[in-house]
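Asks: Got a file for you: protein_6.pdb, PDB, C-alpha atoms.
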MODEL        1
ATOM      1  CA  MET A 203      60.034-108.880 -84.619
ATOM      2  CA  ASN A 204      63.292-110.796 -85.272
ATOM      3  CA  SER A 205      62.876-112.804 -88.447
ATOM      4  CA  ALA A 206      64.626-115.730 -86.725
ATOM      5  CA  LEU A 207      61.548-116.297 -84.596
ATOM      6  CA  SER A 208      59.262-119.056 -85.768
ATOM      7  CA  THR A 209      56.241-118.166 -87.868
ATOM      8  CA  GLU A 210      54.220-121.143 -86.653
ATOM      9  CA  ARG A 211      50.979-120.162 -84.967
ATOM     10  CA  THR A 212      49.152-122.045 -82.275
ATOM     11  CA  VAL A 213      46.543-120.291 -80.151
ATOM     12  CA  PRO A 214      46.960-120.823 -76.410
ATOM     13  CA  THR A 215      44.144-120.451 -73.900
ATOM     14  CA  LEU A 216      43.859-117.080 -72.139
ATOM     15  CA  SER A 217      42.979-115.872 -68.656
ATOM     16  CA  VAL A 218      42.528-112.109 -68.189
ATOM     17  CA  VAL A 219      43.172-110.810 -64.677
ATOM     18  CA  ILE A 220      41.794-107.448 -63.540
ATOM     19  CA  CYS A 221      42.699-106.263 -60.041
ATOM     20  CA  ALA A 222      40.465-103.779 -58.204
ATOM     21  CA  TYR A 223      40.617-102.198 -54.763
ATOM     22  CA  THR A 224      37.964 -99.458 -54.543
ATOM     23  CA  LEU A 225      34.316 -98.776 -55.293
ATOM     24  CA  ASP A 226      35.317 -95.309 -56.498
ATOM     25  CA  ARG A 227      36.259 -96.893 -59.826
ATOM     26  CA  TRP A 228      33.112 -98.980 -60.176
ATOM     27  CA  GLU A 229      32.091 -97.580 -63.572
ATOM     28  CA  ASP A 230      35.674 -97.814 -64.830
ATOM     29  CA  LEU A 231      35.788-101.425 -63.662
ATOM     30  CA  ARG A 232      32.542-102.268 -65.457
ATOM     31  CA  ALA A 233      33.924-100.709 -68.633
ATOM     32  CA  ALA A 234      37.180-102.665 -68.317
ATOM     33  CA  ILE A 235      35.340-105.974 -67.949
ATOM     34  CA  ALA A 236      32.934-105.165 -70.776
ATOM     35  CA  SER A 237      35.857-104.386 -73.105
ATOM     36  CA  VAL A 238      37.330-107.833 -72.428
ATOM     37  CA  LEU A 239      34.053-109.730 -72.813
ATOM     38  CA  VAL A 240      33.560-108.496 -76.391
ATOM     39  CA  GLN A 241      37.049-109.492 -77.579
ATOM     40  CA  ASP A 242      37.555-111.804 -80.545
ATOM     41  CA  PRO A 243      38.844-114.356 -79.835
ATOM     42  CA  PRO A 244      37.223-114.348 -76.411
ATOM     43  CA  ALA A 245      39.241-114.943 -73.269
ATOM     44  CA  ASP A 246      38.726-118.398 -71.815
ATOM     45  CA  GLU A 247      38.169-116.807 -68.408
ATOM     46  CA  VAL A 248      38.035-113.316 -66.924
ATOM     47  CA  LEU A 249      39.134-113.028 -63.305
ATOM     48  CA  LEU A 250      38.411-110.048 -61.070
ATOM     49  CA  VAL A 251      40.668-110.002 -58.003
ATOM     50  CA  VAL A 252      39.339-107.729 -55.253
ATOM     51  CA  ASP A 253      42.017-106.343 -52.962
ATOM     52  CA  HIS A 254      40.828-106.655 -49.356
ATOM     53  CA  ASN A 255      37.592-104.703 -49.834
ATOM     54  CA  GLN A 256      34.579-106.697 -48.646
ATOM     55  CA  GLU A 257      31.995-104.201 -49.904
ATOM     56  CA  LEU A 258      33.483-104.206 -53.394
ATOM     57  CA  LEU A 259      33.778-107.993 -53.349
ATOM     58  CA  GLU A 260      30.114-108.481 -52.442
ATOM     59  CA  ARG A 261      28.871-105.951 -54.985
ATOM     60  CA  ALA A 262      30.992-107.482 -57.736
ATOM     61  CA  GLU A 263      29.729-110.973 -56.923
ATOM     62  CA  ARG A 264      26.173-109.680 -56.943
ATOM     63  CA  GLU A 265      26.158-107.434 -60.006
ATOM     64  CA  LEU A 266      28.867-108.505 -62.438
ATOM     65  CA  SER A 267      28.368-111.282 -64.968
ATOM     66  CA  GLY A 268      30.804-113.057 -67.243
ATOM     67  CA  VAL A 269      33.602-112.734 -64.715
ATOM     68  CA  ARG A 270      34.882-114.880 -61.855
ATOM     69  CA  VAL A 271      35.273-112.786 -58.703
ATOM     70  CA  VAL A 272      37.882-113.792 -56.107
ATOM     71  CA  PRO A 273      39.402-112.019 -53.094
ATOM     72  CA  ASN A 274      43.084-111.202 -52.941
ATOM     73  CA  ARG A 275      44.442-114.031 -50.790
ATOM     74  CA  ARG A 276      47.891-112.544 -50.467
ATOM     75  CA  ARG A 277      49.484-109.360 -49.190
ATOM     76  CA  ARG A 278      47.409-106.239 -49.798
ATOM     77  CA  GLY A 279      48.389-104.461 -52.977
ATOM     78  CA  LEU A 280      48.558-104.843 -56.728
ATOM     79  CA  SER A 281      51.278-107.494 -56.776
ATOM     80  CA  GLY A 282      49.428-109.642 -54.256
ATOM     81  CA  GLY A 283      46.302-109.345 -56.377
ATOM     82  CA  ARG A 284      48.160-110.300 -59.530
ATOM     83  CA  ASN A 285      49.706-113.313 -57.803
ATOM     84  CA  THR A 286      46.260-114.385 -56.618
ATOM     85  CA  GLY A 287      45.019-114.149 -60.198
ATOM     86  CA  VAL A 288      47.874-116.323 -61.424
ATOM     87  CA  ALA A 289      47.218-118.882 -58.697
ATOM     88  CA  VAL A 290      43.530-119.345 -59.529
ATOM     89  CA  SER A 291      43.846-119.021 -63.318
ATOM     90  CA  GLN A 292      43.436-122.062 -65.568
ATOM     91  CA  ALA A 293      44.785-120.928 -68.952
ATOM     92  CA  ASP A 294      48.124-121.139 -70.754
ATOM     93  CA  VAL A 295      48.575-117.364 -70.889
ATOM     94  CA  VAL A 296      47.674-114.843 -68.175
ATOM     95  CA  ALA A 297      47.028-111.255 -69.287
ATOM     96  CA  PHE A 298      46.725-108.285 -66.928
ATOM     97  CA  LEU A 299      44.502-105.259 -67.506
ATOM     98  CA  ASP A 300      44.129-102.343 -65.084
ATOM     99  CA  ASP A 301      40.696-101.673 -63.599
ATOM    100  CA  ASP A 302      40.680 -98.130 -65.057
ATOM    101  CA  ALA A 303      41.593 -99.216 -68.589
ATOM    102  CA  THR A 304      39.668-100.580 -71.562
ATOM    103  CA  ALA A 305      40.947-102.983 -74.198
ATOM    104  CA  GLU A 306      40.616-101.946 -77.823
ATOM    105  CA  PRO A 307      39.150-104.361 -80.419
ATOM    106  CA  GLY A 308      41.666-107.031 -81.392
ATOM    107  CA  TRP A 309      43.515-106.852 -78.072
ATOM    108  CA  THR A 310      43.381-110.565 -77.290
ATOM    109  CA  ARG A 311      44.224-111.540 -80.863
ATOM    110  CA  SER A 312      47.309-109.316 -80.895
ATOM    111  CA  LEU A 313      48.468-110.517 -77.486
ATOM    112  CA  LEU A 314      48.063-114.206 -78.294
ATOM    113  CA  ALA A 315      49.462-114.377 -81.843
ATOM    114  CA  PRO A 316      53.185-114.171 -80.912
ATOM    115  CA  TYR A 317      52.911-117.115 -78.504
ATOM    116  CA  GLY A 318      53.056-119.434 -81.507
ATOM    117  CA  ASP A 319      56.812-119.194 -81.060
ATOM    118  CA  PRO A 320      57.902-121.160 -77.984
ATOM    119  CA  ARG A 321      60.615-118.631 -77.148
ATOM    120  CA  VAL A 322      58.042-115.896 -76.576
ATOM    121  CA  VAL A 323      57.248-116.005 -72.853
ATOM    122  CA  GLY A 324      55.551-112.620 -72.553
ATOM    123  CA  VAL A 325      53.732-110.091 -74.741
ATOM    124  CA  GLY A 326      52.904-106.514 -73.781
ATOM    125  CA  GLY A 327      51.005-103.836 -75.638
ATOM    126  CA  PHE A 328      50.507-100.129 -76.194
ATOM    127  CA  VAL A 329      48.875 -98.061 -73.442
ATOM    128  CA  ARG A 330      47.195 -94.914 -74.740
ATOM    129  CA  PRO A 331      46.457 -92.217 -72.137
ATOM    130  CA  TRP A 332      42.920 -90.917 -71.811
ATOM    131  CA  TRP A 333      43.266 -87.553 -70.087
ATOM    132  CA  VAL A 334      39.916 -86.911 -68.437
ATOM    133  CA  THR A 335      40.586 -83.183 -68.131
ATOM    134  CA  GLY A 336      42.972 -82.933 -71.088
ATOM    135  CA  ARG A 337      46.734 -83.291 -71.172
ATOM    136  CA  PRO A 338      48.426 -80.428 -69.285
ATOM    137  CA  ALA A 339      50.439 -78.246 -71.657
ATOM    138  CA  TRP A 340      53.594 -78.829 -69.621
ATOM    139  CA  PHE A 341      53.323 -82.644 -69.324
ATOM    140  CA  PRO A 342      56.022 -84.204 -71.579
ATOM    141  CA  PRO A 343      55.062 -87.341 -73.545
ATOM    142  CA  GLU A 344      58.465 -88.742 -72.566
ATOM    143  CA  PHE A 345      57.097 -89.024 -69.012
ATOM    144  CA  ASP A 346      53.755 -90.689 -69.761
ATOM    145  CA  TRP A 347      55.057 -93.663 -67.764
ATOM    146  CA  VAL A 348      54.287 -91.484 -64.735
ATOM    147  CA  VAL A 349      50.582 -92.105 -65.395
ATOM    148  CA  GLY A 350      51.069 -95.753 -66.346
ATOM    149  CA  CYS A 351      51.027 -95.253 -70.113
ATOM    150  CA  SER A 352      53.314 -95.791 -73.073
ATOM    151  CA  TYR A 353      55.761 -92.947 -73.550
ATOM    152  CA  ARG A 354      57.780 -91.303 -76.290
ATOM    153  CA  GLY A 355      61.013 -93.229 -76.668
ATOM    154  CA  GLN A 356      59.476 -96.685 -76.648
ATOM    155  CA  PRO A 357      59.568 -98.785 -79.841
ATOM    156  CA  ARG A 358      56.912 -97.864 -82.407
ATOM    157  CA  GLN A 359      56.823-101.323 -83.931
ATOM    158  CA  THR A 360      56.896-104.902 -82.707
ATOM    159  CA  ALA A 361      60.145-105.365 -80.802
ATOM    160  CA  ARG A 362      61.885-107.363 -78.136
ATOM    161  CA  VAL A 363      61.965-105.354 -74.894
ATOM    162  CA  ARG A 364      63.245-105.577 -71.334
ATOM    163  CA  ASN A 365      59.896-105.057 -69.595
ATOM    164  CA  PHE A 366      56.266-104.055 -70.157
ATOM    165  CA  ILE A 367      53.890-101.368 -68.918
ATOM    166  CA  GLY A 368      51.965-103.086 -66.122
ATOM    167  CA  ALA A 369      48.514-102.004 -67.304
ATOM    168  CA  ASN A 370      48.794-104.115 -70.464
ATOM    169  CA  MET A 371      50.926-107.243 -70.333
ATOM    170  CA  SER A 372      50.708-111.017 -70.550
ATOM    171  CA  PHE A 373      52.891-114.021 -69.744
ATOM    172  CA  ARG A 374      52.873-117.771 -70.059
ATOM    173  CA  ARG A 375      51.469-119.021 -66.771
ATOM    174  CA  THR A 376      54.197-121.635 -66.418
ATOM    175  CA  GLU A 377      56.822-118.880 -66.646
ATOM    176  CA  LEU A 378      55.139-116.831 -63.932
ATOM    177  CA  ILE A 379      55.063-119.849 -61.644
ATOM    178  CA  THR A 380      58.660-120.815 -62.376
ATOM    179  CA  VAL A 381      60.093-117.414 -61.418
ATOM    180  CA  GLY A 382      57.817-117.021 -58.400
ATOM    181  CA  GLY A 383      55.437-114.333 -59.643
ATOM    182  CA  PHE A 384      55.430-110.657 -58.700
ATOM    183  CA  LEU A 385      57.302-109.327 -55.684
ATOM    184  CA  ASP A 386      54.627-108.111 -53.266
ATOM    185  CA  ALA A 387      56.810-105.425 -51.710
ATOM    186  CA  LEU A 388      57.209-103.588 -55.049
ATOM    187  CA  GLY A 389      53.547-103.362 -56.006
ATOM    188  CA  ARG A 390      51.278-100.343 -55.667
ATOM    189  CA  VAL A 391      48.999-100.393 -52.620
ATOM    190  CA  GLY A 392      45.623 -98.736 -53.216
ATOM    191  CA  SER A 393      45.948 -95.270 -54.741
ATOM    192  CA  ARG A 394      49.306 -94.596 -53.102
ATOM    193  CA  PRO A 395      52.357 -94.965 -55.373
ATOM    194  CA  VAL A 396      54.549 -96.096 -52.458
ATOM    195  CA  ALA A 397      56.442 -98.528 -54.690
ATOM    196  CA  SER A 398      56.538 -99.564 -58.315
ATOM    197  CA  CYS A 399      58.570-101.599 -60.808
ATOM    198  CA  ASP A 400      57.121-104.987 -59.823
ATOM    199  CA  GLU A 401      56.698-105.782 -63.524
ATOM    200  CA  THR A 402      60.295-104.694 -64.251
ATOM    201  CA  ASP A 403      61.594-106.921 -61.464
ATOM    202  CA  LEU A 404      59.534-109.828 -62.799
ATOM    203  CA  CYS A 405      60.717-109.372 -66.391
ATOM    204  CA  LEU A 406      64.358-109.147 -65.300
ATOM    205  CA  ARG A 407      64.029-112.430 -63.417
ATOM    206  CA  ILE A 408      62.454-114.062 -66.468
ATOM    207  CA  ALA A 409      65.300-112.869 -68.687
ATOM    208  CA  ALA A 410      67.939-113.944 -66.161
ATOM    209  CA  ARG A 411      66.488-117.440 -65.953
ATOM    210  CA  ASP A 412      66.640-117.928 -69.716
ATOM    211  CA  PRO A 413      68.464-115.286 -71.812
ATOM    212  CA  GLU A 414      67.013-116.866 -74.977
ATOM    213  CA  SER A 415      63.438-116.176 -73.885
ATOM    214  CA  VAL A 416      61.618-113.326 -75.617
ATOM    215  CA  LEU A 417      59.557-110.569 -74.053
ATOM    216  CA  LEU A 418      57.779-108.990 -77.010
ATOM    217  CA  TYR A 419      56.220-105.550 -77.306
ATOM    218  CA  GLU A 420      53.274-105.625 -79.719
ATOM    219  CA  PRO A 421      51.779-102.128 -80.176
ATOM    220  CA  ALA A 422      48.732-103.566 -81.980
ATOM    221  CA  ALA A 423      47.589-104.916 -78.597
ATOM    222  CA  GLU A 424      46.246-101.545 -77.501
ATOM    223  CA  ILE A 425      44.371-100.372 -74.432
ATOM    224  CA  ARG A 426      43.129 -96.972 -73.294
ATOM    225  CA  HIS A 427      44.136 -95.981 -69.757
ATOM    226  CA  ARG A 428      42.147 -93.375 -67.825
ATOM    227  CA  VAL A 429      44.190 -90.504 -66.368
ATOM    228  CA  PRO A 430      42.113 -88.625 -63.767
ATOM    229  CA  GLU A 431      42.616 -85.007 -62.797
ATOM    230  CA  SER A 432      44.367 -86.105 -59.589
ATOM    231  CA  ARG A 433      47.253 -87.469 -61.660
ATOM    232  CA  ALA A 434      47.591 -84.465 -63.931
ATOM    233  CA  GLY A 435      49.242 -82.152 -61.394
ATOM    234  CA  TRP A 436      52.852 -81.357 -60.584
ATOM    235  CA  ALA A 437      52.712 -82.841 -57.066
ATOM    236  CA  TYR A 438      51.705 -86.277 -58.356
ATOM    237  CA  PHE A 439      54.263 -86.039 -61.177
ATOM    238  CA  ARG A 440      57.120 -85.229 -58.800
ATOM    239  CA  ASN A 441      56.160 -87.861 -56.231
ATOM    240  CA  ARG A 442      55.691 -90.581 -58.838
ATOM    241  CA  CYS A 443      59.118 -89.843 -60.320
ATOM    242  CA  TYR A 444      60.692 -90.039 -56.862
ATOM    243  CA  ILE A 445      59.012 -93.385 -56.164
ATOM    244  CA  GLU A 446      60.195 -94.691 -59.528
ATOM    245  CA  GLY A 447      63.775 -93.856 -58.644
ATOM    246  CA  LEU A 448      63.451 -95.378 -55.197
ATOM    247  CA  SER A 449      61.982 -98.562 -56.635
ATOM    248  CA  LYS A 450      64.647 -98.790 -59.356
ATOM    249  CA  ALA A 451      67.308 -98.711 -56.635
ATOM    250  CA  LEU A 452      65.640-101.659 -54.945
ATOM    251  CA  VAL A 453      65.392-103.567 -58.221
ATOM    252  CA  ALA A 454      69.076-102.831 -58.885
ATOM    253  CA  ARG A 455      69.967-104.331 -55.506
ATOM    254  CA  ARG A 456      68.096-107.506 -56.415
ATOM    255  CA  CYS A 457      68.930-107.917 -60.090
ATOM    256  CA  GLY A 458      72.149-105.958 -60.564
ATOM    257  CA  ARG A 459      72.664-102.395 -61.786
ATOM    258  CA  GLY A 460      73.485-103.433 -65.326
ATOM    259  CA  PRO A 461      70.161-105.100 -66.186
ATOM    260  CA  ALA A 462      68.101-102.805 -63.956
ATOM    261  CA  LEU A 463      69.436 -99.537 -65.384
ATOM    262  CA  ALA A 464      70.372-100.333 -69.003
ATOM    263  CA  ASN A 465      67.165 -98.894 -70.471
ATOM    264  CA  GLU A 466      67.292 -95.883 -68.172
ATOM    265  CA  ARG A 467      70.778 -94.888 -69.369
ATOM    266  CA  VAL A 468      69.601 -94.909 -72.983
ATOM    267  CA  TYR A 469      66.433 -93.048 -71.997
ATOM    268  CA  LEU A 470      68.439 -90.239 -70.364
ATOM    269  CA  ARG A 471      71.070 -89.965 -73.094
ATOM    270  CA  SER A 472      68.695 -90.185 -76.018
ATOM    271  CA  THR A 473      65.015 -89.621 -75.245
ATOM    272  CA  ILE A 474      65.343 -86.908 -72.589
ATOM    273  CA  SER A 475      68.228 -85.137 -74.330
ATOM    274  CA  ARG A 476      66.253 -84.919 -77.571
ATOM    275  CA  ALA A 477      63.165 -83.706 -75.725
ATOM    276  CA  LEU A 478      65.105 -80.918 -74.023
ATOM    277  CA  ALA A 479      66.730 -79.862 -77.301
ATOM    278  CA  ARG A 480      63.399 -79.895 -79.128
ATOM    279  CA  ASN A 481      61.697 -77.709 -76.534
ATOM    280  CA  LEU A 482      64.636 -75.307 -76.287
ATOM    281  CA  THR A 483      64.444 -74.687 -80.032
ATOM    282  CA  ARG A 484      60.700 -74.030 -79.694
ATOM    283  CA  ILE A 485      60.873 -72.007 -76.515
ATOM    284  CA  TRP A 486      58.234 -69.536 -77.766
ATOM    285  CA  ARG A 487      55.553 -72.219 -78.028
ATOM    286  CA  PRO A 488      52.868 -72.424 -75.298
ATOM    287  CA  GLY A 489      53.926 -74.819 -72.543
ATOM    288  CA  ALA A 490      57.544 -75.139 -73.722
ATOM    289  CA  LEU A 491      59.027 -73.607 -70.573
ATOM    290  CA  GLY A 492      56.811 -75.745 -68.387
ATOM    291  CA  THR A 493      57.792 -78.858 -70.332
ATOM    292  CA  ILE A 494      61.484 -78.063 -69.916
ATOM    293  CA  GLY A 495      60.880 -77.645 -66.199
ATOM    294  CA  ALA A 496      59.015 -80.958 -66.041
ATOM    295  CA  LEU A 497      61.746 -82.786 -67.970
ATOM    296  CA  SER A 498      64.430 -81.418 -65.686
ATOM    297  CA  GLY A 499      62.403 -81.756 -62.506
ATOM    298  CA  GLY A 500      61.278 -85.283 -63.362
ATOM    299  CA  VAL A 501      64.858 -86.426 -63.905
ATOM    300  CA  CYS A 502      65.997 -84.756 -60.669
ATOM    301  CA  ALA A 503      63.172 -86.324 -58.643
ATOM    302  CA  THR A 504      63.861 -89.766 -60.117
ATOM    303  CA  VAL A 505      67.612 -89.541 -59.486
ATOM    304  CA  THR A 506      66.979 -88.335 -55.942
ATOM    305  CA  GLY A 507      64.729 -91.311 -55.294
ATOM    306  CA  TYR A 508      67.362 -93.648 -56.699
ATOM    307  CA  LEU A 509      70.090 -92.183 -54.485
ATOM    308  CA  VAL A 510      67.901 -92.422 -51.383
ATOM    309  CA  GLY A 511      67.000 -96.015 -52.237
ATOM    310  CA  SER A 512      70.652 -96.878 -52.756
ATOM    311  CA  ILE A 513      71.760 -95.368 -49.459
ATOM    312  CA  ARG A 514      68.782 -96.362 -47.315
ATOM    313  CA  PRO A 515      66.870 -99.183 -49.034
ATOM    314  CA  LEU A 516      63.439 -99.939 -47.643
ATOM    315  CA  GLY A 517      62.887-103.328 -46.046
ATOM    316  CA  THR A 518      66.398-104.747 -46.430
ATOM    317  CA  HIS A 519      65.168-108.199 -45.380
ATOM    318  CA  VAL A 520      62.646-108.145 -48.224
ATOM    319  CA  PHE A 521      64.843-106.699 -50.944
ATOM    320  CA  SER A 522      68.014-108.704 -50.362
ATOM    321  CA  ARG A 523      69.579-109.752 -53.631
ATOM    322  CA  ARG A 524      68.828-113.263 -54.883
ATOM    323  CA  PRO A 525      70.709-115.347 -57.419
ATOM    324  CA  GLN A 526      69.713-114.316 -60.937
ATOM    325  CA  GLY A 527      66.508-116.003 -62.029
ATOM    326  CA  ALA A 528      65.833-117.466 -58.592
ATOM    327  CA  ALA A 529      62.188-117.825 -57.690
ATOM    328  CA  GLU A 530      60.581-115.891 -54.876
ATOM    329  CA  PRO A 531      59.046-117.820 -51.985
ATOM    330  CA  THR A 532      55.578-117.681 -53.517
ATOM    331  CA  THR A 533      53.335-120.741 -53.722
ATOM    332  CA  PHE A 534      51.019-120.899 -56.725
ATOM    333  CA  ALA A 535      48.663-123.697 -55.739
ATOM    334  CA  ARG A 536      45.498-123.754 -57.791
ATOM    335  CA  SER A 537      42.332-122.807 -55.932
TER
ENDMDL
END
Take the structure in the file and give it back as structure tokens.

Replies:
Amino acid sequence: MNSALSTERTVPTLSVVICAYTLDRWEDLRAAIASVLVQDPPADEVLLVVDHNQELLERAERELSGVRVVPNRRRRGLSGGRNTGVAVSQADVVAFLDDDATAEPGWTRSLLAPYGDPRVVGVGGFVRPWWVTGRPAWFPPEFDWVVGCSYRGQPRQTARVRNFIGANMSFRRTELITVGGFLDALGRVGSRPVASCDETDLCLRIAARDPESVLLYEPAAEIRHRVPESRAGWAYFRNRCYIEGLSKALVARRCGRGPALANERVYLRSTISRALARNLTRIWRPGALGTIGALSGGVCATVTGYLVGSIRPLGTHVFSRRPQGAAEPTTFARS
């Protein structure tokens, strides 16, 4: 971290928000909550936001302890659930953990420590993939973002970043309220990756509002993210890359191409180029040809999605560009 940042340490209060939408992940959800409840220091509150699923809501209220269960009171989808969590939370900092992820020991401590500096408005952590059926030989680590995990090319040490991986991130609650929270139209709905980049859009708005604010990546704040067999195939890989490109085009319309695509240009020139060169020099190794195909195909699918989104953006009335840093029309009244 930049040495110019203050070394003073004050510990803010913490709300952890977990969003869930299906009973199919019940055991994963229980594990996620359990991993938060044993943290040191403990979270001041753990909120489970259930996304328009009455059966899941009732079972969670009946069987889960140590967690406050609330229904998603906004638009169906992950962003609506996150915004509901922000609205009902009571703490200084709001952290988000996916319902199919578990926090490693020390997660809360590592997330909270940097907030001693007032310029730090958000802290995100490392997301380690847990491949249920093993990592496919062809799946490049540079594309682990496809399955919602940290990927090769990200910083290896504490660093200031543009945006976080959504499965493991936190923000000052006041900052979330000021910028209007997550954009509902960009969030995942159920198991369908019909849109993404809601956390990128949010982080860009935070940075635009105050360029001196710091979004800090702290790899010591680690979680383990479950990757099921359904996400380990080529069809999911290709579709997720396409959706990423489509969503990036929509974010670029809202926030400007410069901020929205700066990281992606470096990623293509540096991370992907090195990965292709490395695999070409090791072409005889098992999976090398498949990895080269995935690297090339993933880039092509992402670029195609971006071009389609640029030519025919979805929901023009929703994605119209706003002044930089302007808040969305979201009301965060406490419940």

Asks: Evaluate the PyMOL selection byres ((chain A and resi 352) around 7) against this structure - the residues, as a PyMOL selection string, please.

Replies: chain A and resi 328-330+346-347+351+353+367

Asks: What's the 8 Å shell around Glu424 of chain A, counting all atoms listed in the file, without same-chain residues fewer than 2 positions away, as a VMD selection string?

Replies: chain A and resid 305 to 306 309 327 to 330 370 421 to 422 426

Asks: Give one line per residue of segment 422-463 of chain A that approaches segment 494-512 of chain A to at most 6 Å, naming the two atoms of the closest pair and their distance in Å to one decimal, counting only C-alpha atoms; sort by chain then ascending residue number and deliver it as a tab-separated table.

Replies:
residue	atom	partner	partner_atom	distance
A:Cys443	CA	A:Thr504	CA	4.7
A:Tyr444	CA	A:Gly507	CA	4.5
A:Gly447	CA	A:Tyr508	CA	4.1
A:Leu448	CA	A:Gly507	CA	4.3
A:Ala451	CA	A:Tyr508	CA	5.1

Asks: Let me see the file: selected residues, C-alpha atoms, as a PDB file, keeping the file's coordinate frame.

Replies:
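Below is the file that was written, again33.pdb:
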ATOM      1  CA  CYS A 443      59.118 -89.843 -60.320  1.00  0.00           C
ATOM      2  CA  TYR A 444      60.692 -90.039 -56.862  1.00  0.00           C
ATOM      3  CA  GLY A 447      63.775 -93.856 -58.644  1.00  0.00           C
ATOM      4  CA  LEU A 448      63.451 -95.378 -55.197  1.00  0.00           C
ATOM      5  CA  ALA A 451      67.308 -98.711 -56.635  1.00  0.00           C
TER       6      ALA A 451
END

Asks: Looking at A:Arg264, A:Val290, A:Gly279, A:Asn285, which one is nearest to Ser217 of chain A, with distances taken over all atoms listed in the file?

Replies: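 Among the listed residues, the smallest separation from Ser217 of chain A belongs to A:Val290.
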
Asks: Have a look at atom CA of Ala297 of chain A and atom CA of Trp333 of chain A and let me know their distance in Å, one decimal.

Replies: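 Atom CA of Trp333 of chain A lies at a distance of 24.0 Å from atom CA of Ala297 of chain A.
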
Asks: Name the residues in contact with Gly368 of chain A at a cut-off of 9 Å, using only C-alpha atoms, excluding same-chain residues fewer than 6 positions from it; report them as a ChimeraX atom specification.

Replies: /A:298-300,326,350-351,399-402

Asks: The PyMOL selection byres ((chain A and resi 227-234) around 10) - which residues does that actually catch in the file I just gave you? List them as a PyMOL selection string.

Replies: chain A and resi 220-226+235-239+250+258+261-262+265-267+299-305+425-428

Asks: Given all atoms listed in the file as the basis, pick out the residue of A:Gln356, A:Thr286, A:Thr335, A:Thr483 nearest to Val468 of chain A.

Replies: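 Distance minimum relative to Val468 of chain A lands on A:Gln356.
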
Asks: Could you list the residues chosen by the PyMOL selection byres ((chain A and resi 272) around 7) in this structure as a PDB file with C-alpha atoms, keeping the file's coordinate frame?

Replies:
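Dumped everything to selection_39.pdb:
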ATOM      1  CA  LEU A 250      38.411-110.048 -61.070  1.00  0.00           C
ATOM      2  CA  VAL A 251      40.668-110.002 -58.003  1.00  0.00           C
ATOM      3  CA  VAL A 252      39.339-107.729 -55.253  1.00  0.00           C
ATOM      4  CA  ARG A 270      34.882-114.880 -61.855  1.00  0.00           C
ATOM      5  CA  VAL A 271      35.273-112.786 -58.703  1.00  0.00           C
ATOM      6  CA  PRO A 273      39.402-112.019 -53.094  1.00  0.00           C
ATOM      7  CA  ASN A 274      43.084-111.202 -52.941  1.00  0.00           C
TER       8      ASN A 274
END

Asks: Using all atoms listed in the file for the distances, tell me which of A:Gln359, A:Thr310, A:Asn441, A:Gln241 is nearest to Thr215 of chain A.

Replies: A:Thr310

Asks: Which of these residues is nearest to Ser281 of chain A, using all atoms listed in the file: A:Leu452, A:Met371, A:Val429, A:Leu404?

Replies: A:Leu404

Asks: For the atom pair atom CA of Leu216 of chain A and atom CA of Pro331 of chain A, what is the interatomic distance in Å to one decimal place?

Replies: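 We find that atom CA of Leu216 of chain A and atom CA of Pro331 of chain A lie 25.0 Å from each other.
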
Asks: Go ahead and compute the interatomic distance for atom CA of Asp242 of chain A and atom CA of Ser291 of chain A, in Å to one decimal.

Replies: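 Between atom CA of Asp242 of chain A and atom CA of Ser291 of chain A the gap works out to 19.7 Å.
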
Asks: For Leu417 of chain A, find every residue with an atom within 7 Å (counting only C-alpha atoms), except residues of its own chain fewer than 2 positions away, and show them as a list in words.

Replies: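 Those residues are Val322, Val323, Gly324, Val325, Arg362, Val363, Arg364, Ser415 and Tyr419 of chain A.
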
Asks: Between A:Ile474, A:Arg480, A:Arg467, A:Arg321, single out the one closest to Ile408 of chain A, counting all atoms listed in the file.

Replies: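 Using all atoms listed in the file, Ile408 of chain A sits closest to A:Arg321.
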
Asks: Kindly indicate which residue among A:Phe341, A:Leu482, A:Leu491, A:Phe373 lies nearest to Tyr438 of chain A, using all atoms listed in the file for the distances.

Replies: A:Phe341
